[in-house]
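Data block below; observations after.
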Amino acid sequence: MKRHFLGVLIGLAAAMLPAAATEAADAKKPVKVFILAGQSNMQGHAHLRTLDYLGEDPQYGRLLKKLKNPDGSYTVRDDVWIYYDRGKGDAKKGPLTAGYGADDNNIGPEWMFGQIVGDQYETQVLLIKTAWGGQSLAVDFRPPSAGDLPLASYPEAARTKLQAAVKDGTLVPGHRYRDVIETVRKVLGNLKAEFPQYDGQGCELAGFVWFQGWNDVINKDYTAEYESNMVCFIKDLRKDLKAPNLPVVIAVMGIGGKKDPGENILALRKAQNAAGARPDLKGNVACVQTADYWDDAAAELVAKYWVKRKWTDEEAKKKFDRMGCQPPYHYLGSAKILSLIGYGCAEALKTLGK
């Protein structure tokens, strides 16, 4: 009996060792790094007061609990860090929680995105968010391999204005592309300084999310070259970050939803989807149709009662104030919409890099 009892104890100890060893090994696995880039909608102009409206969605309402605790406080995740370069010399960083939008009262897609990828991995996760409002892919984010601006193809007025801005140095094509690369390199090169909790386990680029397009959709010349520029952007990004198989998600413009977004937006969607489908990107790119998350009810209130940036019906305004806080081009300033876009992009990344 003594031998049998001793054998049982040894067996139990052996069974426990792999779990403990696995847990220790997980703690030392490289930090999973995700880059979030784009313009104002990646910045995020959704006010936190609109967040509870997410909980009323019949399909996705369950996701609200990932952002709000039962007592109404906002969730905080120490296993997901975020570094947000606001471009003002005041980068915001820390554990993932509310307030990493255009200002401390706003959010973008990052919060829900981080929740989903945080749930996916046992290791530490880091989000590096690089976003600036009013920036085009054709000019500001222009990737190196796209070459010089095709000024000869632009209308004379636009060409003259761009030439003058380039000449006097107020416009430097590609400066935001370089900002993305430099920010990622800076953060990953100083992880211990940026995040004292970092334990030297190394890091691994696990995904890139692109959420941009408004400044290209309002310029037909920029829209015409969007597919080519997007392909160049992805290839250059992978090259400059030394991540040849970096999974990329393009959040396809969804402003206006599915009903009647207008021909300009449809043209940009076509270009974004075409770029994502290019075989030379090795099938490691996914397109998320953000129109799937558009809020027709909120958009209809704005279209009907918000005239010349003034509300003509106070009851309609009160109703909308629960749903959003911005014009359509900022996805109505809806925390519900931007959270669901973050959710969709995170889910899409799971299908890549297999």
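Please note that chains go A, B, ... in the order of the structure tokens, that every chain numbers its residues from 1, and that ligands are numbered from 1 in the order shown.
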I'd like the contact shell of stretch 49-52 of chain A - 8 Å cut-off, only C-alpha atoms, skipping same-chain residues fewer than 6 positions apart - returned as a PyMOL selection string. chain A and resi 64+321-325+334-336
Export, as a PDB file, in the first residue's frame, the selected residues with N, CA and C atoms.
ATOM      1  N   LEU A  64     -20.567  44.457 -24.627  1.00  0.00           N
ATOM      2  CA  LEU A  64     -20.413  45.616 -23.734  1.00  0.00           C
ATOM      3  C   LEU A  64     -19.695  45.228 -22.445  1.00  0.00           C
ATOM      4  N   ASP A 321     -28.132  61.597 -29.031  1.00  0.00           N
ATOM      5  CA  ASP A 321     -27.044  61.772 -28.067  1.00  0.00           C
ATOM      6  C   ASP A 321     -26.671  60.475 -27.358  1.00  0.00           C
ATOM      7  N   ARG A 322     -27.569  59.522 -27.295  1.00  0.00           N
ATOM      8  CA  ARG A 322     -27.261  58.202 -26.732  1.00  0.00           C
ATOM      9  C   ARG A 322     -26.508  57.342 -27.742  1.00  0.00           C
ATOM     10  N   MET A 323     -26.677  57.671 -29.033  1.00  0.00           N
ATOM     11  CA  MET A 323     -26.133  56.840 -30.107  1.00  0.00           C
ATOM     12  C   MET A 323     -24.791  57.333 -30.628  1.00  0.00           C
ATOM     13  N   GLY A 324     -24.640  58.656 -30.711  1.00  0.00           N
ATOM     14  CA  GLY A 324     -23.439  59.211 -31.310  1.00  0.00           C
ATOM     15  C   GLY A 324     -23.254  60.667 -30.950  1.00  0.00           C
ATOM     16  N   CYS A 325     -22.214  61.279 -31.553  1.00  0.00           N
ATOM     17  CA  CYS A 325     -21.898  62.666 -31.196  1.00  0.00           C
ATOM     18  C   CYS A 325     -21.212  63.416 -32.326  1.00  0.00           C
ATOM     19  N   SER A 334     -19.942  57.206 -32.874  1.00  0.00           N
ATOM     20  CA  SER A 334     -20.641  56.130 -32.163  1.00  0.00           C
ATOM     21  C   SER A 334     -19.664  55.127 -31.566  1.00  0.00           C
ATOM     22  N   ALA A 335     -19.662  55.012 -30.248  1.00  0.00           N
ATOM     23  CA  ALA A 335     -18.814  54.017 -29.583  1.00  0.00           C
ATOM     24  C   ALA A 335     -19.236  52.609 -29.971  1.00  0.00           C
ATOM     25  N   LYS A 336     -20.501  52.430 -30.244  1.00  0.00           N
ATOM     26  CA  LYS A 336     -20.990  51.125 -30.693  1.00  0.00           C
ATOM     27  C   LYS A 336     -20.340  50.751 -32.026  1.00  0.00           C
TER      28      LYS A 336
END
Quick one: residues within 12 Å of stretch 270-285 of chain A, only C-alpha atoms counted, chain neighbours fewer than 5 positions away excluded, as a PDB file with C-alpha atoms, in the first residue's frame?
ATOM      1  CA  LEU A 137      -2.790  57.731 -48.412  1.00  0.00           C
ATOM      2  CA  ALA A 206       1.501  39.819 -34.960  1.00  0.00           C
ATOM      3  CA  GLY A 207      -0.716  42.086 -37.051  1.00  0.00           C
ATOM      4  CA  PHE A 208      -1.390  45.469 -38.643  1.00  0.00           C
ATOM      5  CA  VAL A 209      -4.779  47.178 -38.923  1.00  0.00           C
ATOM      6  CA  TRP A 210      -5.392  49.993 -41.423  1.00  0.00           C
ATOM      7  CA  PHE A 211      -8.425  52.258 -40.912  1.00  0.00           C
ATOM      8  CA  GLN A 212      -8.246  55.262 -43.233  1.00  0.00           C
ATOM      9  CA  GLY A 213      -9.735  56.696 -46.400  1.00  0.00           C
ATOM     10  CA  ASP A 216      -8.788  60.021 -50.414  1.00  0.00           C
ATOM     11  CA  VAL A 217     -12.501  59.514 -50.965  1.00  0.00           C
ATOM     12  CA  LYS A 220     -11.141  61.441 -57.155  1.00  0.00           C
ATOM     13  CA  TYR A 222      -6.440  60.080 -54.894  1.00  0.00           C
ATOM     14  CA  THR A 223      -9.181  57.455 -55.119  1.00  0.00           C
ATOM     15  CA  ALA A 224      -7.989  56.458 -58.610  1.00  0.00           C
ATOM     16  CA  GLU A 225      -4.547  55.503 -57.308  1.00  0.00           C
ATOM     17  CA  TYR A 226      -5.687  54.084 -53.958  1.00  0.00           C
ATOM     18  CA  GLU A 227      -5.426  50.393 -54.862  1.00  0.00           C
ATOM     19  CA  SER A 228      -1.864  50.779 -56.131  1.00  0.00           C
ATOM     20  CA  ASN A 229      -0.832  52.921 -53.167  1.00  0.00           C
ATOM     21  CA  MET A 230      -2.354  50.447 -50.692  1.00  0.00           C
ATOM     22  CA  VAL A 231      -0.451  47.542 -52.214  1.00  0.00           C
ATOM     23  CA  CYS A 232       2.787  49.541 -52.103  1.00  0.00           C
ATOM     24  CA  PHE A 233       2.052  50.539 -48.509  1.00  0.00           C
ATOM     25  CA  ILE A 234       1.654  46.938 -47.333  1.00  0.00           C
ATOM     26  CA  LYS A 235       4.762  45.725 -49.168  1.00  0.00           C
ATOM     27  CA  ASP A 236       6.891  48.630 -47.938  1.00  0.00           C
ATOM     28  CA  LEU A 237       5.602  48.230 -44.387  1.00  0.00           C
ATOM     29  CA  ARG A 238       6.539  44.548 -44.326  1.00  0.00           C
ATOM     30  CA  ALA A 243       8.141  41.236 -41.207  1.00  0.00           C
ATOM     31  CA  PRO A 244       7.590  39.750 -44.695  1.00  0.00           C
ATOM     32  CA  ASN A 245       4.479  37.825 -43.672  1.00  0.00           C
ATOM     33  CA  LEU A 246       2.928  40.421 -41.386  1.00  0.00           C
ATOM     34  CA  PRO A 247      -0.872  39.841 -41.343  1.00  0.00           C
ATOM     35  CA  VAL A 248      -2.736  42.961 -42.460  1.00  0.00           C
ATOM     36  CA  VAL A 249      -6.379  43.931 -42.053  1.00  0.00           C
ATOM     37  CA  ILE A 250      -7.916  46.719 -44.126  1.00  0.00           C
ATOM     38  CA  ALA A 251     -10.987  48.217 -42.500  1.00  0.00           C
ATOM     39  CA  VAL A 252     -12.942  49.042 -45.656  1.00  0.00           C
ATOM     40  CA  MET A 253     -14.761  52.359 -45.486  1.00  0.00           C
ATOM     41  CA  GLY A 254     -18.312  51.839 -44.241  1.00  0.00           C
ATOM     42  CA  GLU A 263     -20.440  56.709 -55.765  1.00  0.00           C
ATOM     43  CA  ASN A 264     -17.254  58.170 -54.296  1.00  0.00           C
ATOM     44  CA  ILE A 265     -17.380  55.934 -51.241  1.00  0.00           C
ATOM     45  CA  THR A 290     -17.184  48.191 -41.768  1.00  0.00           C
ATOM     46  CA  CYS A 345     -10.739  43.545 -37.310  1.00  0.00           C
ATOM     47  CA  ALA A 348     -10.385  38.847 -39.140  1.00  0.00           C
ATOM     48  CA  LEU A 349      -6.777  38.680 -37.936  1.00  0.00           C
ATOM     49  CA  LYS A 350      -7.479  35.276 -36.427  1.00  0.00           C
ATOM     50  CA  THR A 351      -7.949  33.932 -39.955  1.00  0.00           C
ATOM     51  CA  LEU A 352      -4.538  35.144 -41.141  1.00  0.00           C
ATOM     52  CA  GLY A 353      -1.023  33.890 -40.632  1.00  0.00           C
ATOM     53  CA  LYS A 354      -2.104  30.272 -40.462  1.00  0.00           C
TER      54      LYS A 354
END
Write out as a tab-separated table (two decimals) with C-alpha atoms, in the first residue's frame all residues of stretch 117-298 of chain A that DSSP puts in strand (DSSP E) for this structure's backbone.
chain	number	residue	atom	x	y	z
A	125	VAL	CA	-0.08	41.92	-25.87
A	126	LEU	CA	0.98	45.40	-26.97
A	127	LEU	CA	-1.01	47.74	-29.21
A	128	ILE	CA	0.90	50.55	-30.94
A	129	LYS	CA	-1.57	53.10	-32.24
A	130	THR	CA	-0.41	55.67	-34.80
A	131	ALA	CA	-3.17	57.87	-36.19
A	203	CYS	CA	8.44	40.76	-29.04
A	204	GLU	CA	6.76	39.58	-32.22
A	205	LEU	CA	4.83	41.64	-34.77
A	206	ALA	CA	1.50	39.82	-34.96
A	207	GLY	CA	-0.72	42.09	-37.05
A	208	PHE	CA	-1.39	45.47	-38.64
A	209	VAL	CA	-4.78	47.18	-38.92
A	210	TRP	CA	-5.39	49.99	-41.42
A	211	PHE	CA	-8.43	52.26	-40.91
A	248	VAL	CA	-2.74	42.96	-42.46
A	249	VAL	CA	-6.38	43.93	-42.05
A	250	ILE	CA	-7.92	46.72	-44.13
A	251	ALA	CA	-10.99	48.22	-42.50
A	252	VAL	CA	-12.94	49.04	-45.66
A	285	VAL	CA	-4.48	40.32	-46.04
A	286	ALA	CA	-8.12	40.50	-44.98
A	287	CYS	CA	-10.73	43.17	-45.68
A	288	VAL	CA	-13.34	43.96	-43.03
A	289	GLN	CA	-16.52	45.53	-44.37
Which residues are close to stretch 74-87 of chain A, i.e. within 8 Å by only C-alpha atoms, leaving aside same-chain residues fewer than 3 positions away? Reply as a PyMOL selection string. chain A and resi 66-69+90-98+100+102+114-115+118+123-132+183
Any idea what's packed within 10 Å of A:Asp103, counting only C-alpha atoms, ignoring anything in its chain fewer than 5 positions away? Could you give it as a list in words? Gln43, Gly44, His45, Ala46, His47 and Arg86 of chain A
